[in-house]
Structure formats: structure tokens, C-alpha cells
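First up is the structure itself, then whatever we jot down about it.
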Amino acid sequence: MRVTVLRLGHRVFRDKRLTTHVALTARALGADEVVLSGEKDDGILESILDICERWGGHFKVSYEKNWKGFLERKKREGCELIHLTMYGLQHQTQISEIRKSKKDKVIIVGSEKVPTEVYHLADYNLSVTSQPHSEVAALAVFLHDFFEGKELEKEFEKPKVKVVPKACGKDVRKEA
Ligand code: SAM
């Protein structure tokens, strides 16, 4: 099953850091791909790709101008669309049903205001608490619950650098 994260409404000057964190969190916690929408930002695509190349694995990054067309296409292809929003149903009440379905998933996270159409297109509108916080936090908690913690053991193929976990200090090895 393929897990794609769609980041809506990227703004070049305001969201660089947060959008990068959405992508890196998606990658680190088991998603296969991030699709960025909103303002086109080649710099951010390149910097995420650069990190992926150094740290390994097969994570994909792309830009999609027409987020609605993208979601409609994914739906036609049989994907389940899961929109993370503080207004949705509590994710812990829905997650086992979502896990049972073997359909590919598109996880949607917003930035500022998310268009109403997203709520209608989504198969699930899910909250990670009903409190306002961050798309990065919501995505991390959702993926961790969805993968039941197994994503923490994920190995990334052919990295150029790798951290050797240590109780104290830093050990980053260059891989052959
Ligand atoms: N009013 C927004 C909402 O619908 O959740 C909050 C905007 S917040 C700055 C940006 C994004 O963070 C939202 O589009 C949503 O994806 C995510 N987010 C924030 N709080 C959340 C929560 N409690 N549960 C799930 N997602 C949340």
C-alpha cells in the first residue's frame, strides 16, 4: 500500500521551513511520497530531494498545481483520501478501520485556510485532538498510529550518511 502526503497551500516566503518539515516527517515516518501544492517553489523541491539522496530510500517529491484535479484523479484510481483537520472526527476512533483497508492513501494537510471542497472530497476528515496545532505534529501522530510504531524500524536504502545512535554526542558515518 502506498502512502502519499499532499501538502496544500504552500507559500514561498512564509512556509519554507514548515513545508520542508512536512516532507521530512512524511519520509522519516514511513510515507512514500510528498506532493506539494500552492505556490511553486523549485528551491524547496531541490532541497528535499537533496536530503533524500543523502539519507537514502526511495521517497518521492513533486509539485502539483491543480490539487483538486490531483485528488479527484487519486479518488478515481481507488485511493482513500484522509484530511487532517482539527474539526474532524477523532483519529483514534477511525484508525483501525483505515488500517484494515488495503487501499493506497493520500494524507492531506493544510497551511492556512483549507478550501471547503477538501472536506467534501475526503473519505475521512480526522483530528489529532480537537485543538489547534500544527500540520507537522498532526501528520507525525497520524503516521505513527497508522503504522503502529513499525515505521520507527524502517531502514532507508543506500544512504550516503547514517547516524550511529549514541547516548551522548554525535556519530554520523559516511557510507561506502
Ligand atoms: N483551522 C485549521 C484546521 O483545519 O485544522 C488549522 C490550520 S493549521 C495552521 C494548518 C494545518 O495543520 C491544518 O490544515 C491541518 O492539516 C493541521 N492541523 C492543525 N491542528 C490539527 C489538529 N488538531 N488535528 C489535525 N490536523 C491539524
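Labels used: A, B, ... for chains in the order of the C-alpha cells, numbers from 1 for residues in each chain, and numbers from 1 for ligands as shown.
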task = List the neighbours of Val22 of chain A out to 7 Å using only C-alpha atoms; skip same-chain residues closer than 4 positions along the sequence, and give me the result as JSON, numbers by chain.
result = {"A": [18, 26, 136]}
request  = Skip segment 144-151 of chain A itself and residues of its chain fewer than 2 positions away, then list as a ChimeraX atom specification all residues within 6 Å of it, counting only C-alpha atoms.
outcome  = /A:29-30,141-142,153-154
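Among the candidate residues A:Leu81, A:Ile95, A:Ile48, A:Val109, the one lying nearest to Ala137 of chain A is A:Val109, with distances computed using only C-alpha atoms.
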query = Hey, what does DSSP flag as helix (DSSP H, G or I) within chain A? Can you give it to me as a PyMOL selection string?
reply = chain A and resi 16-28+42-55+67-76+91-100+116-121+135-146+150-153
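For Leu49 of chain A, the list of residues within 9 Å, based on only C-alpha atoms and with local chain neighbours fewer than 5 positions off taken out, reads Ile44, Arg54, Phe59, Lys60 and Val61 of chain A.
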Can you write out the residues you just picked, keeping C-alpha atoms, as a PDB file, in the first residue's frame?
```
ATOM      1  CA  ILE A  44      12.219  23.589  -1.703  1.00  0.00           C
ATOM      2  CA  ARG A  54      21.975  11.840   1.166  1.00  0.00           C
ATOM      3  CA  PHE A  59      10.944   8.868  -1.150  1.00  0.00           C
ATOM      4  CA  LYS A  60       9.432  10.909  -3.991  1.00  0.00           C
ATOM      5  CA  VAL A  61       8.797  14.649  -4.100  1.00  0.00           C
TER       6      VAL A  61
END
```
Spatial neighbours of Arg2 of chain A, 7 Å, only C-alpha atoms, chain gap at least 6 places, as number ranges by chain = A: 32, 104-105
File dump, residues just selected, N, CA, C and O atoms, as a PDB file, in the first residue's frame:
```
ATOM      1  N   ASP A  32       5.548   7.287   1.466  1.00  0.00           N
ATOM      2  CA  ASP A  32       6.341   7.003   0.261  1.00  0.00           C
ATOM      3  C   ASP A  32       6.619   8.247  -0.557  1.00  0.00           C
ATOM      4  O   ASP A  32       7.537   8.261  -1.381  1.00  0.00           O
ATOM      5  N   ASP A 104      -4.491   2.384  -1.318  1.00  0.00           N
ATOM      6  CA  ASP A 104      -3.476   3.439  -1.187  1.00  0.00           C
ATOM      7  C   ASP A 104      -4.104   4.641  -0.490  1.00  0.00           C
ATOM      8  O   ASP A 104      -5.315   4.874  -0.610  1.00  0.00           O
ATOM      9  N   LYS A 105      -3.259   5.385   0.220  1.00  0.00           N
ATOM     10  CA  LYS A 105      -3.774   6.530   0.996  1.00  0.00           C
ATOM     11  C   LYS A 105      -3.153   7.837   0.514  1.00  0.00           C
ATOM     12  O   LYS A 105      -1.954   7.880   0.175  1.00  0.00           O
TER      13      LYS A 105
END
```
task = Considering only C-alpha atoms, return as a ChimeraX atom specification whatever protein or nucleic-acid residues lie within 8 Å of Leu71 of chain A, sequence-local ones (same chain, fewer than 3 positions apart) excluded.
result = /A:67-68,74-75,81,121
Those residues you just picked out, can you put them in a file as a CSV table (one decimal), in the first residue's frame with C-alpha atoms?
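part21.csv, written as the output of this step:
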```csv
chain,number,residue,atom,x,y,z
A,67,TRP,CA,-4.6,20.0,-6.1
A,68,LYS,CA,-8.3,19.4,-6.9
A,74,LYS,CA,-6.4,9.7,-6.9
A,75,LYS,CA,-10.0,9.0,-5.9
A,81,LEU,CA,-8.3,10.5,0.9
A,121,LEU,CA,-13.7,15.2,-1.3
```
